[in-house]
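Colleague: Input file: protein.txt. Contents: compact mmCIF, C-alpha atoms.
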# COMPACT_ATOMS: atom_id res chain seq x y z
CA MET A 24 37.43 31.19 22.70
CA ALA A 25 33.69 31.42 22.15
CA SER A 26 31.28 33.54 20.12
CA VAL A 27 27.67 34.47 20.81
CA TRP A 28 25.37 34.92 17.81
CA TYR A 29 21.92 36.46 18.27
CA PRO A 30 19.20 38.44 16.48
CA ALA A 31 20.38 42.06 16.40
CA ARG A 32 19.11 45.59 15.83
CA LYS A 33 20.75 48.96 15.11
CA THR A 34 23.67 47.43 13.25
CA GLU A 35 24.38 50.56 11.19
CA GLY A 36 27.99 51.68 11.51
CA LEU A 37 29.12 48.58 13.40
CA PRO A 38 31.93 46.46 11.93
CA ARG A 39 31.04 43.23 10.18
CA ALA A 40 32.21 40.11 12.00
CA SER A 41 34.98 38.16 10.29
CA TRP A 42 34.49 34.46 9.59
CA MET A 43 37.78 33.86 11.42
CA THR A 44 40.36 36.18 12.94
CA GLU A 45 43.25 36.90 10.58
CA GLY A 46 45.82 35.01 12.65
CA ALA A 47 43.70 31.88 12.94
CA LEU A 48 42.78 31.99 9.25
CA ARG A 49 46.45 32.34 8.26
CA ALA A 50 47.25 29.18 10.25
CA LEU A 51 44.30 27.30 8.72
CA LEU A 52 45.21 28.25 5.14
CA ALA A 53 48.82 27.20 5.71
CA ASP A 54 47.67 23.87 7.11
CA ILE A 55 45.42 23.01 4.16
CA GLY A 56 47.89 24.35 1.59
CA PHE A 57 45.74 27.17 0.18
CA PRO A 58 48.11 30.07 -0.70
CA LEU A 59 45.52 32.79 -0.15
CA ASP A 60 45.86 36.14 1.61
CA PRO A 61 44.12 35.86 5.02
CA ALA A 62 43.37 39.58 4.86
CA LEU A 63 40.85 38.68 2.14
CA GLY A 64 39.03 36.27 4.46
CA PRO A 65 35.24 36.17 4.23
CA LEU A 66 32.99 38.39 6.29
CA THR A 67 29.81 37.14 7.93
CA ALA A 68 26.39 38.75 8.05
CA GLY A 69 26.93 39.53 11.74
CA HIS A 70 27.93 42.85 13.26
CA VAL A 71 30.24 43.01 16.28
CA GLY A 72 28.64 44.31 19.48
CA ALA A 73 25.18 45.05 18.08
CA PRO A 74 22.30 45.45 20.56
CA ILE A 75 20.20 42.33 20.89
CA HIS A 76 16.73 42.26 19.33
CA ARG A 77 14.04 40.95 21.66
CA THR A 78 10.31 40.66 21.29
CA GLY A 79 9.43 40.35 24.96
CA HIS A 80 10.32 36.69 25.44
CA ARG A 81 13.58 35.09 26.46
CA LEU A 82 15.42 33.59 23.52
CA PRO A 83 16.09 29.86 23.00
CA VAL A 84 19.76 28.86 22.97
CA ILE A 85 21.79 26.44 20.85
CA VAL A 86 25.40 25.46 21.55
CA TYR A 87 27.68 24.33 18.71
CA SER A 88 30.69 21.98 18.58
CA HIS A 89 33.02 21.89 15.56
CA GLY A 90 34.77 18.85 14.08
CA ALA A 91 38.31 17.60 14.57
CA SER A 92 41.01 20.12 13.59
CA SER A 93 38.36 22.69 12.69
CA HIS A 94 37.15 25.95 14.28
CA ARG A 95 34.07 27.62 15.68
CA GLY A 96 33.25 29.46 12.44
CA ASP A 97 33.00 26.28 10.38
CA HIS A 98 29.19 26.20 10.24
CA THR A 99 28.44 29.92 10.15
CA ILE A 100 25.93 29.27 7.34
CA MET A 101 23.77 27.31 9.79
CA ILE A 102 24.50 29.53 12.77
CA GLN A 103 23.53 32.78 11.05
CA GLU A 104 20.28 31.25 9.84
CA LEU A 105 19.35 30.13 13.35
CA ALA A 106 20.24 33.53 14.84
CA SER A 107 18.18 35.32 12.18
CA HIS A 108 15.16 33.31 13.33
CA GLY A 109 15.50 34.32 16.96
CA TYR A 110 17.96 31.83 18.43
CA VAL A 111 21.06 32.63 20.44
CA VAL A 112 23.86 30.36 19.19
CA VAL A 113 27.01 29.93 21.29
CA THR A 114 30.03 28.51 19.47
CA VAL A 115 33.34 27.39 20.93
CA ASP A 116 36.87 26.60 19.77
CA HIS A 117 37.97 23.33 21.35
CA THR A 118 41.48 24.49 22.23
CA TYR A 119 44.30 22.20 20.96
CA ASP A 120 42.00 20.65 18.34
CA THR A 121 41.22 23.90 16.55
CA PHE A 122 42.64 26.93 14.81
CA THR A 123 42.08 29.79 17.22
CA GLU A 124 43.50 33.18 18.13
CA PHE A 125 43.43 34.65 21.63
CA PRO A 126 43.02 38.38 22.38
CA ASP A 127 46.76 38.75 23.00
CA GLY A 128 47.48 37.53 19.46
CA ARG A 129 48.57 34.03 20.43
CA VAL A 130 47.50 31.47 17.79
CA VAL A 131 46.90 27.84 18.75
CA ILE A 132 46.58 25.08 16.16
CA PRO A 133 45.53 21.41 16.47
CA THR A 134 48.15 19.55 18.48
CA GLU A 135 50.24 16.91 16.75
CA VAL A 136 51.27 15.15 19.96
CA PRO A 137 49.11 13.22 22.43
CA PRO A 138 47.02 13.37 24.45
CA PHE A 139 44.57 14.18 21.68
CA LEU A 140 41.13 15.54 22.46
CA GLY A 141 38.28 13.07 22.12
CA PRO A 142 34.54 13.68 21.86
CA ARG A 143 34.20 13.48 25.63
CA ASP A 144 36.61 16.41 25.94
CA PHE A 145 34.50 18.31 23.43
CA ALA A 146 31.41 17.45 25.48
CA ALA A 147 33.09 18.83 28.60
CA ASP A 148 33.60 22.12 26.74
CA LEU A 149 29.92 22.16 25.76
CA ARG A 150 28.87 21.64 29.36
CA PHE A 151 31.09 24.57 30.34
CA LEU A 152 29.29 26.62 27.70
CA LEU A 153 25.97 25.62 29.26
CA ASN A 154 27.21 27.04 32.57
CA CYS A 155 28.08 30.29 30.75
CA VAL A 156 24.61 30.37 29.24
CA GLU A 157 23.12 30.10 32.72
CA GLN A 158 25.33 32.96 33.89
CA LEU A 159 24.18 35.18 31.02
CA ALA A 160 20.58 34.23 31.69
CA ALA A 161 21.01 35.21 35.35
CA GLY A 162 22.44 38.61 34.39
CA ARG A 163 26.11 37.81 35.06
CA SER A 164 28.85 38.10 32.46
CA PRO A 165 31.05 35.01 31.92
CA ASP A 166 33.61 37.02 29.94
CA VAL A 167 37.01 36.31 31.48
CA ASP A 168 38.38 39.75 30.54
CA GLY A 169 35.37 41.61 31.86
CA ARG A 170 34.66 43.31 28.55
CA PRO A 171 31.31 45.09 28.19
CA LEU A 172 28.61 42.93 26.65
CA PRO A 173 26.24 43.96 23.85
CA GLN A 174 23.21 45.92 25.02
CA GLY A 175 20.38 43.67 26.15
CA LEU A 176 22.29 40.37 26.17
CA LEU A 177 22.28 39.91 29.95
CA GLY A 178 19.06 38.27 30.99
CA ALA A 179 17.92 37.64 27.41
CA LEU A 180 18.65 33.91 27.20
CA ASP A 181 16.23 31.14 28.19
CA PRO A 182 18.18 28.54 30.20
CA GLN A 183 15.18 26.20 30.12
CA CYS A 184 15.19 26.05 26.30
CA ILE A 185 18.56 24.77 25.07
CA GLY A 186 19.55 22.68 22.05
CA ALA A 187 22.91 21.54 20.69
CA PHE A 188 24.46 20.55 17.39
CA GLY A 189 27.84 19.65 16.02
CA TRP A 190 29.67 18.37 12.97
CA SER A 191 31.76 15.18 12.82
CA LYS A 192 33.45 14.76 16.23
CA GLY A 193 31.23 17.62 17.41
CA GLY A 194 28.18 15.57 16.44
CA THR A 195 29.37 12.74 18.65
CA ALA A 196 30.07 15.29 21.40
CA THR A 197 26.50 16.57 21.07
CA ALA A 198 25.14 13.09 21.80
CA LEU A 199 27.52 12.62 24.73
CA THR A 200 26.57 16.04 26.14
CA MET A 201 22.88 15.13 26.04
CA LEU A 202 23.55 11.84 27.81
CA ALA A 203 25.49 13.62 30.55
CA ASP A 204 23.43 16.80 30.89
CA GLN A 205 19.66 17.15 31.04
CA ARG A 206 19.85 20.85 30.18
CA VAL A 207 20.01 20.07 26.44
CA ARG A 208 16.49 19.34 25.23
CA ALA A 209 17.23 18.45 21.58
CA GLY A 210 20.36 17.53 19.64
CA LEU A 211 21.50 17.41 16.01
CA SER A 212 24.52 15.51 14.69
CA VAL A 213 25.90 16.61 11.34
CA ASP A 214 27.63 13.46 10.05
CA GLY A 215 28.99 12.39 13.42
CA PRO A 216 30.83 9.01 13.56
CA MET A 217 29.51 8.20 17.06
CA GLN A 218 32.83 6.74 18.18
CA PRO A 219 33.62 5.36 20.68
CA THR A 220 30.45 3.29 20.59
CA ILE A 221 27.52 4.78 22.50
CA THR A 222 25.37 2.18 24.26
CA THR A 223 23.24 4.38 26.55
CA ASP A 224 19.60 5.14 25.75
CA LEU A 225 18.65 8.73 24.96
CA GLU A 226 15.04 9.72 25.51
CA ARG A 227 15.09 13.27 24.06
CA PRO A 228 14.74 14.31 20.39
CA PHE A 229 17.76 13.71 18.18
CA MET A 230 18.31 14.20 14.45
CA MET A 231 21.15 13.02 12.23
CA MET A 232 22.18 14.61 8.91
CA THR A 233 24.45 11.92 7.49
CA ALA A 234 26.79 11.75 4.49
CA ASP A 235 29.86 9.54 4.97
CA PHE A 236 29.04 8.29 8.45
CA THR A 237 25.78 6.50 7.66
CA ARG A 238 24.14 3.70 9.59
CA ALA A 239 24.82 1.41 6.61
CA ALA A 240 28.54 2.22 6.56
CA MET A 241 29.26 2.75 10.27
CA PRO A 242 28.29 0.13 12.88
CA ASP A 243 28.78 2.73 15.63
CA VAL A 244 26.19 5.03 14.04
CA ALA A 245 23.81 2.11 13.57
CA GLU A 246 24.25 1.13 17.23
CA PHE A 247 23.63 4.70 18.43
CA TRP A 248 20.43 4.84 16.36
CA THR A 249 19.02 1.85 18.26
CA HIS A 250 19.45 3.75 21.54
CA LEU A 251 17.40 6.76 20.44
CA ARG A 252 14.18 6.15 22.37
CA GLY A 253 12.53 9.51 21.75
CA TRP A 254 11.77 11.41 18.56
CA ARG A 255 14.44 10.59 15.97
CA LEU A 256 15.20 11.28 12.33
CA ASP A 257 18.01 10.39 9.92
CA ILE A 258 18.29 12.29 6.62
CA GLN A 259 20.87 12.29 3.84
CA ALA A 260 21.33 14.54 0.80
CA ASP A 261 22.23 12.87 -2.49
CA GLY A 262 25.77 13.71 -3.55
CA ALA A 263 26.82 14.84 -0.07
CA ILE A 264 30.12 13.83 1.46
CA HIS A 265 31.53 14.73 4.87
CA ASN A 266 32.56 18.25 3.79
CA SER A 267 29.28 19.02 2.02
CA TYR A 268 27.65 20.13 5.26
CA GLY A 269 29.21 23.34 6.48
CA ASP A 270 30.81 26.47 5.08
CA ASN A 271 33.29 24.41 3.02
CA ALA A 272 30.48 23.69 0.58
CA THR A 273 30.48 27.30 -0.61
CA LEU A 274 33.95 28.55 0.37
CA ILE A 275 36.02 25.83 -1.34
CA PRO A 276 34.49 26.45 -4.81
CA GLN A 277 35.26 30.17 -4.41
CA ALA A 278 38.82 29.49 -3.28
CA GLY A 279 39.20 26.86 -6.00
CA LYS A 280 38.48 29.38 -8.74
CA ILE A 281 41.16 31.72 -7.39
CA LEU A 282 43.68 28.87 -7.09
CA GLY A 283 42.89 27.36 -10.51
CA MET A 284 41.50 24.08 -9.17
CA THR A 285 39.58 21.90 -11.61
CA ASP A 286 35.92 21.05 -11.12
CA GLN A 287 36.95 17.50 -10.26
CA GLN A 288 39.39 18.69 -7.60
CA ILE A 289 36.64 20.79 -6.04
CA GLN A 290 34.17 17.90 -6.18
CA ASP A 291 36.72 15.64 -4.50
CA ARG A 292 36.65 18.04 -1.54
CA ILE A 293 32.92 18.84 -1.27
CA GLY A 294 31.05 16.13 -3.19
CA THR A 295 28.64 16.46 -6.10
CA LEU A 296 25.82 18.17 -4.16
CA ASP A 297 25.41 21.64 -5.70
CA PRO A 298 26.87 24.22 -3.27
CA ALA A 299 23.83 26.51 -3.45
CA ARG A 300 21.54 23.57 -2.70
CA ALA A 301 23.83 22.45 0.13
CA VAL A 302 23.44 25.88 1.71
CA ARG A 303 19.66 25.79 1.43
CA ILE A 304 19.45 22.29 2.92
CA GLN A 305 21.69 23.00 5.89
CA GLN A 306 19.73 26.13 6.67
CA ALA A 307 16.25 24.65 6.35
CA TYR A 308 16.48 21.31 8.17
CA PRO A 309 18.28 22.33 11.39
CA LEU A 310 15.93 25.31 11.72
CA ALA A 311 12.88 23.07 11.28
CA PHE A 312 14.27 20.63 13.86
CA PHE A 313 14.94 23.20 16.56
CA ASP A 314 11.71 25.06 15.83
CA LEU A 315 9.80 21.82 16.39
CA HIS A 316 11.51 20.71 19.57
CA LEU A 317 12.47 23.96 21.27
CA ARG A 318 9.58 26.17 20.19
CA HIS A 319 6.90 23.55 19.40
CA ARG A 320 6.36 25.13 16.00
CA GLY A 321 5.11 22.38 13.76
CA GLY A 322 5.86 22.20 10.07
CA HIS A 323 5.80 19.57 7.36
CA LEU A 324 9.48 19.57 6.36
CA LEU A 325 10.49 16.85 8.83
CA GLU A 326 7.51 14.61 8.08
CA GLY A 327 8.88 13.17 4.84
CA PRO A 328 10.35 13.94 1.42
CA SER A 329 9.79 17.49 0.18
CA ALA A 330 9.38 18.74 -3.39
CA ALA A 331 11.40 21.80 -2.34
CA TYR A 332 14.37 19.60 -1.37
CA PRO A 333 14.28 16.57 -3.68
CA GLU A 334 17.92 15.74 -2.84
CA VAL A 335 17.06 14.93 0.79
CA LYS A 336 16.28 11.29 1.55
CA PHE A 337 14.66 10.07 4.77
CA LEU A 338 16.45 6.96 6.04
CA HIS A 339 14.16 4.64 7.97
Now, as a test, write the supplied structure out as structure tokens.

Modeller:
Amino acid sequence: MASVWYPARKTEGLPRASWMTEGALRALLADIGFPLDPALGPLTAGHVGAPIHRTGHRLPVIVYSHGASSHRGDHTIMIQELASHGYVVVTVDHTYDTFTEFPDGRVVIPTEVPPFLGPRDFAADLRFLLNCVEQLAAGRSPDVDGRPLPQGLLGALDPQCIGAFGWSKGGTATALTMLADQRVRAGLSVDGPMQPTITTDLERPFMMMTADFTRAAMPDVAEFWTHLRGWRLDIQADGAIHNSYGDNATLIPQAGKILGMTDQQIQDRIGTLDPARAVRIQQAYPLAFFDLHLRHRGGHLLEGPSAAYPEVKFLH
């Protein structure tokens, strides 16, 4: 299952998009032991089926890969921000390592028996997405059920202007996709472990937002860094842990209040980085990165420490 996020117009009267489908969310909540009603699941800022907003140019595209045992909505905070600035973002559920629901109501959860999906399997999914992007750009629908597409989507994507990002295993998959496929011009890893070890040089721009999987703590990440031969950047937010980057940063505190979790229990799950600041950081830095390398829009945010984001450290 995949979703396409894009700048929209004429959204009045259209249903808001759910963060996850109810069946997939029910399975996720059961897995993590949160006794919450999935019918109360969060809504996104997106509207289903809205006409696409274009300003005369084709739109740059970003593909997204989630982490292990996660789902394609896991970084909606980042994805919505990118779409609101004119990007088309295509997200995918890596079937059998995700919580997903198909149109017929079938729910699939992460498999507990081998063979388990590795980052190369995730990368294969991303390359399939790239083929779908090319189909959309050429005016052909890749939808397997032949459903009508939102007005203006066909032919709106720029297949020559593609980036990629992912969290955790999806961050490793982003790097592997770039090494295997020249169509991705810039990549961002959100705390990817870079395992198995990557020893191939990458000449195109790559940024890392690290937390637990730092170069200091992870030899595989340190090794990957030495093979980045083009533009590169490694940043880290004080107080961030692996779950600080992504929607968990804001959703877990909300769920925790309902469930009576203590502040310490919430911090154990998302770190000490303030959730509101975590949201701001994960919206600003990926946008600045893709603006620079896909649109050649220069800014100062990626040049060094910023007074607006004092938590963010540049790791040299």

Colleague: Quick one: residues within 9 Å of stretch 313-316 of chain A, all atoms listed in the file counted, chain neighbours fewer than 2 positions away excluded, as a list of chain:residue names?

Modeller: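 Counting all atoms listed in the file, the residues come to A:Ile85, A:Leu105, A:Gly186, A:Arg208, A:Ala209, A:Gly210, A:Leu211, A:Pro228, A:Tyr308, A:Pro309, A:Leu310, A:Ala311, A:Arg318, A:His319, A:Arg320, A:Gly321, A:Gly322.
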
Colleague: Show me as an mmCIF file with C-alpha atoms, in the frame of the given file the residues that reach within 9 Å of (21.7, 22.6, 8.9), counting all atoms listed in the file and using the file's own coordinates.

Modeller:
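File result10.cif, as written:
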data_model
loop_
_atom_site.group_PDB
_atom_site.id
_atom_site.type_symbol
_atom_site.label_atom_id
_atom_site.label_comp_id
_atom_site.auth_asym_id
_atom_site.auth_seq_id
_atom_site.Cartn_x
_atom_site.Cartn_y
_atom_site.Cartn_z
ATOM 1 C CA HIS A 98 29.190 26.200 10.240
ATOM 2 C CA ILE A 100 25.930 29.270 7.340
ATOM 3 C CA MET A 101 23.770 27.310 9.790
ATOM 4 C CA ILE A 102 24.500 29.530 12.770
ATOM 5 C CA GLU A 104 20.280 31.250 9.840
ATOM 6 C CA LEU A 211 21.500 17.410 16.010
ATOM 7 C CA VAL A 213 25.900 16.610 11.340
ATOM 8 C CA MET A 232 22.180 14.610 8.910
ATOM 9 C CA TYR A 268 27.650 20.130 5.260
ATOM 10 C CA GLY A 269 29.210 23.340 6.480
ATOM 11 C CA VAL A 302 23.440 25.880 1.710
ATOM 12 C CA ARG A 303 19.660 25.790 1.430
ATOM 13 C CA ILE A 304 19.450 22.290 2.920
ATOM 14 C CA GLN A 305 21.690 23.000 5.890
ATOM 15 C CA GLN A 306 19.730 26.130 6.670
ATOM 16 C CA ALA A 307 16.250 24.650 6.350
ATOM 17 C CA TYR A 308 16.480 21.310 8.170
ATOM 18 C CA PRO A 309 18.280 22.330 11.390
ATOM 19 C CA LEU A 310 15.930 25.310 11.720
#

Colleague: Could you check which of A:Gly279, A:Pro328, A:Pro333, A:Gly46 is closest to A:Ile132, using all atoms listed in the file?

Modeller: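 Closest to A:Ile132, using all atoms listed in the file: A:Gly46.
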
Colleague: Which is closest to A:Glu135 among A:Val335, A:Tyr119, A:Asp148, A:Asp97, if we use only C-alpha atoms?

Modeller: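 When distances to A:Glu135 are compared using only C-alpha atoms, the smallest one comes from A:Tyr119.
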
Colleague: Go through A:Val115, A:Leu176, A:Ala25, A:Leu82 one by one, measure the shortest atom-to-atom distance of each to A:Phe188 using only C-alpha atoms, and give the residue with the smallest value.

Modeller: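 For A:Phe188, the nearest of the given residues is A:Val115.
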
Colleague: Which is closer to A:Met24 than all the others in A:Gly189, A:Gly96, A:Gly262, A:Pro298, using all atoms listed in the file?

Modeller: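 Nearest to A:Met24: A:Gly96.
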
Colleague: May I ask which of the residues A:Thr99, A:Thr34, A:Thr295, A:Ser191 is the closest one to A:His70, counting all atoms listed in the file?

Modeller: A:Thr34

Colleague: Which of these, A:Met217, A:Leu225, A:Ala301, A:Met230, has the shortest distance to A:Pro242 once you count all atoms listed in the file?

Modeller: A:Met217

Colleague: Give me the residues near A:Pro165 as JSON, numbers by chain, where near means some atom within 7 Å (using all atoms listed in the file) and where sequence neighbours in that chain fewer than 6 positions away do not count.

Modeller: {"A": [155, 158, 159]}

Colleague: Excluding A:Pro173 and its own-chain neighbours fewer than 4 positions away, which residues fall within 9 Å of it when counting all atoms listed in the file? Please give them as a short mmCIF file (atom, residue, chain, number, x, y, z; two decimals) with C-alpha atoms, keeping the file's coordinate frame.

Modeller:
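Done, and the output landed in result_21.cif:
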data_model
loop_
_atom_site.label_atom_id
_atom_site.label_comp_id
_atom_site.auth_asym_id
_atom_site.auth_seq_id
_atom_site.Cartn_x
_atom_site.Cartn_y
_atom_site.Cartn_z
CA VAL A 71 30.24 43.01 16.28
CA GLY A 72 28.64 44.31 19.48
CA ALA A 73 25.18 45.05 18.08
CA PRO A 74 22.30 45.45 20.56
CA ILE A 75 20.20 42.33 20.89
CA LEU A 177 22.28 39.91 29.95
#

Colleague: If you take all atoms listed in the file and a cut-off of 12 Å, which residues of stretch 48-87 of chain A touch stretch 38-42 of chain A, and what are their nearest atom pairs and distances in Å to one decimal, in chain and number order, as JSON lines?

Modeller:
{"residue": "A:Leu48", "atom": "CA", "partner": "A:Trp42", "partner_atom": "CA", "distance": 8.7}
{"residue": "A:Pro61", "atom": "CA", "partner": "A:Trp42", "partner_atom": "CA", "distance": 10.8}
{"residue": "A:Ala62", "atom": "CA", "partner": "A:Ser41", "partner_atom": "CA", "distance": 10.1}
{"residue": "A:Leu63", "atom": "CA", "partner": "A:Ser41", "partner_atom": "CA", "distance": 10.1}
{"residue": "A:Gly64", "atom": "CA", "partner": "A:Trp42", "partner_atom": "CA", "distance": 7.1}
{"residue": "A:Pro65", "atom": "CA", "partner": "A:Trp42", "partner_atom": "CA", "distance": 5.7}
{"residue": "A:Leu66", "atom": "CA", "partner": "A:Ser41", "partner_atom": "CA", "distance": 4.5}
{"residue": "A:Thr67", "atom": "CA", "partner": "A:Ala40", "partner_atom": "CA", "distance": 5.6}
{"residue": "A:Ala68", "atom": "CA", "partner": "A:Arg39", "partner_atom": "CA", "distance": 6.8}
{"residue": "A:Gly69", "atom": "CA", "partner": "A:Ala40", "partner_atom": "CA", "distance": 5.3}
{"residue": "A:His70", "atom": "CA", "partner": "A:Arg39", "partner_atom": "CA", "distance": 4.4}
{"residue": "A:Val71", "atom": "CA", "partner": "A:Ala40", "partner_atom": "CA", "distance": 5.5}
{"residue": "A:Gly72", "atom": "CA", "partner": "A:Pro38", "partner_atom": "CA", "distance": 8.5}
{"residue": "A:Ala73", "atom": "CA", "partner": "A:Pro38", "partner_atom": "CA", "distance": 9.2}

Colleague: Take the structure in the block and write a file for stretch 286-294 of chain A, all heavy atoms, as a PDB file, in the first residue's frame.

Modeller:
ATOM      1  N   ASP A 286       5.513  11.181  33.518  1.00  0.00           N
ATOM      2  CA  ASP A 286       6.427  11.919  32.642  1.00  0.00           C
ATOM      3  C   ASP A 286       7.671  11.095  32.334  1.00  0.00           C
ATOM      4  O   ASP A 286       8.181  11.125  31.215  1.00  0.00           O
ATOM      5  CB  ASP A 286       6.834  13.244  33.300  1.00  0.00           C
ATOM      6  CG  ASP A 286       5.689  14.246  33.331  1.00  0.00           C
ATOM      7  OD1 ASP A 286       4.689  14.021  32.614  1.00  0.00           O
ATOM      8  OD2 ASP A 286       5.799  15.242  34.069  1.00  0.00           O
ATOM      9  N   GLN A 287       8.148  10.349  33.324  1.00  0.00           N
ATOM     10  CA  GLN A 287       9.348   9.535  33.104  1.00  0.00           C
ATOM     11  C   GLN A 287       9.069   8.412  32.103  1.00  0.00           C
ATOM     12  O   GLN A 287       9.911   8.113  31.249  1.00  0.00           O
ATOM     13  CB  GLN A 287       9.824   8.928  34.428  1.00  0.00           C
ATOM     14  CG  GLN A 287      11.152   8.188  34.313  1.00  0.00           C
ATOM     15  CD  GLN A 287      12.277   9.078  33.813  1.00  0.00           C
ATOM     16  OE1 GLN A 287      12.535  10.131  34.390  1.00  0.00           O
ATOM     17  NE2 GLN A 287      12.935   8.676  32.731  1.00  0.00           N
ATOM     18  N   GLN A 288       7.899   7.803  32.193  1.00  0.00           N
ATOM     19  CA  GLN A 288       7.558   6.746  31.234  1.00  0.00           C
ATOM     20  C   GLN A 288       7.476   7.297  29.817  1.00  0.00           C
ATOM     21  O   GLN A 288       7.897   6.629  28.860  1.00  0.00           O
ATOM     22  CB  GLN A 288       6.222   6.110  31.636  1.00  0.00           C
ATOM     23  CG  GLN A 288       6.298   5.226  32.865  1.00  0.00           C
ATOM     24  CD  GLN A 288       4.933   4.754  33.315  1.00  0.00           C
ATOM     25  OE1 GLN A 288       3.951   5.514  33.297  1.00  0.00           O
ATOM     26  NE2 GLN A 288       4.840   3.486  33.723  1.00  0.00           N
ATOM     27  N   ILE A 289       6.967   8.508  29.676  1.00  0.00           N
ATOM     28  CA  ILE A 289       6.896   9.124  28.355  1.00  0.00           C
ATOM     29  C   ILE A 289       8.296   9.460  27.857  1.00  0.00           C
ATOM     30  O   ILE A 289       8.641   9.190  26.702  1.00  0.00           O
ATOM     31  CB  ILE A 289       5.997  10.374  28.407  1.00  0.00           C
ATOM     32  CG1 ILE A 289       4.541   9.964  28.655  1.00  0.00           C
ATOM     33  CG2 ILE A 289       6.113  11.173  27.110  1.00  0.00           C
ATOM     34  CD1 ILE A 289       3.604  11.121  28.917  1.00  0.00           C
ATOM     35  N   GLN A 290       9.131  10.015  28.745  1.00  0.00           N
ATOM     36  CA  GLN A 290      10.501  10.348  28.350  1.00  0.00           C
ATOM     37  C   GLN A 290      11.288   9.106  27.950  1.00  0.00           C
ATOM     38  O   GLN A 290      12.121   9.159  27.038  1.00  0.00           O
ATOM     39  CB  GLN A 290      11.229  11.073  29.482  1.00  0.00           C
ATOM     40  CG  GLN A 290      10.877  12.543  29.601  1.00  0.00           C
ATOM     41  CD  GLN A 290      11.790  13.284  30.564  1.00  0.00           C
ATOM     42  OE1 GLN A 290      12.759  12.725  31.081  1.00  0.00           O
ATOM     43  NE2 GLN A 290      11.476  14.544  30.811  1.00  0.00           N
ATOM     44  N   ASP A 291      11.030   7.998  28.616  1.00  0.00           N
ATOM     45  CA  ASP A 291      11.724   6.752  28.267  1.00  0.00           C
ATOM     46  C   ASP A 291      11.424   6.350  26.823  1.00  0.00           C
ATOM     47  O   ASP A 291      12.246   5.682  26.177  1.00  0.00           O
ATOM     48  CB  ASP A 291      11.300   5.622  29.213  1.00  0.00           C
ATOM     49  CG  ASP A 291      11.858   5.793  30.615  1.00  0.00           C
ATOM     50  OD1 ASP A 291      12.797   6.596  30.791  1.00  0.00           O
ATOM     51  OD2 ASP A 291      11.339   5.124  31.537  1.00  0.00           O
ATOM     52  N   ARG A 292      10.258   6.740  26.329  1.00  0.00           N
ATOM     53  CA  ARG A 292       9.856   6.372  24.967  1.00  0.00           C
ATOM     54  C   ARG A 292      10.287   7.381  23.912  1.00  0.00           C
ATOM     55  O   ARG A 292      10.530   7.007  22.764  1.00  0.00           O
ATOM     56  CB  ARG A 292       8.340   6.194  24.894  1.00  0.00           C
ATOM     57  CG  ARG A 292       7.830   4.913  25.556  1.00  0.00           C
ATOM     58  CD  ARG A 292       6.328   4.809  25.435  1.00  0.00           C
ATOM     59  NE  ARG A 292       5.799   3.565  25.959  1.00  0.00           N
ATOM     60  CZ  ARG A 292       5.538   2.480  25.228  1.00  0.00           C
ATOM     61  NH1 ARG A 292       5.756   2.487  23.928  1.00  0.00           N
ATOM     62  NH2 ARG A 292       5.038   1.389  25.782  1.00  0.00           N
ATOM     63  N   ILE A 293      10.369   8.672  24.280  1.00  0.00           N
ATOM     64  CA  ILE A 293      10.635   9.691  23.244  1.00  0.00           C
ATOM     65  C   ILE A 293      11.824  10.587  23.559  1.00  0.00           C
ATOM     66  O   ILE A 293      12.125  11.492  22.774  1.00  0.00           O
ATOM     67  CB  ILE A 293       9.396  10.565  22.989  1.00  0.00           C
ATOM     68  CG1 ILE A 293       9.039  11.388  24.231  1.00  0.00           C
ATOM     69  CG2 ILE A 293       8.222   9.714  22.507  1.00  0.00           C
ATOM     70  CD1 ILE A 293       8.060  12.518  23.949  1.00  0.00           C
ATOM     71  N   GLY A 294      12.512  10.366  24.689  1.00  0.00           N
ATOM     72  CA  GLY A 294      13.655  11.196  25.018  1.00  0.00           C
ATOM     73  C   GLY A 294      13.256  12.478  25.728  1.00  0.00           C
ATOM     74  O   GLY A 294      12.082  12.713  26.029  1.00  0.00           O
TER      75      GLY A 294
END
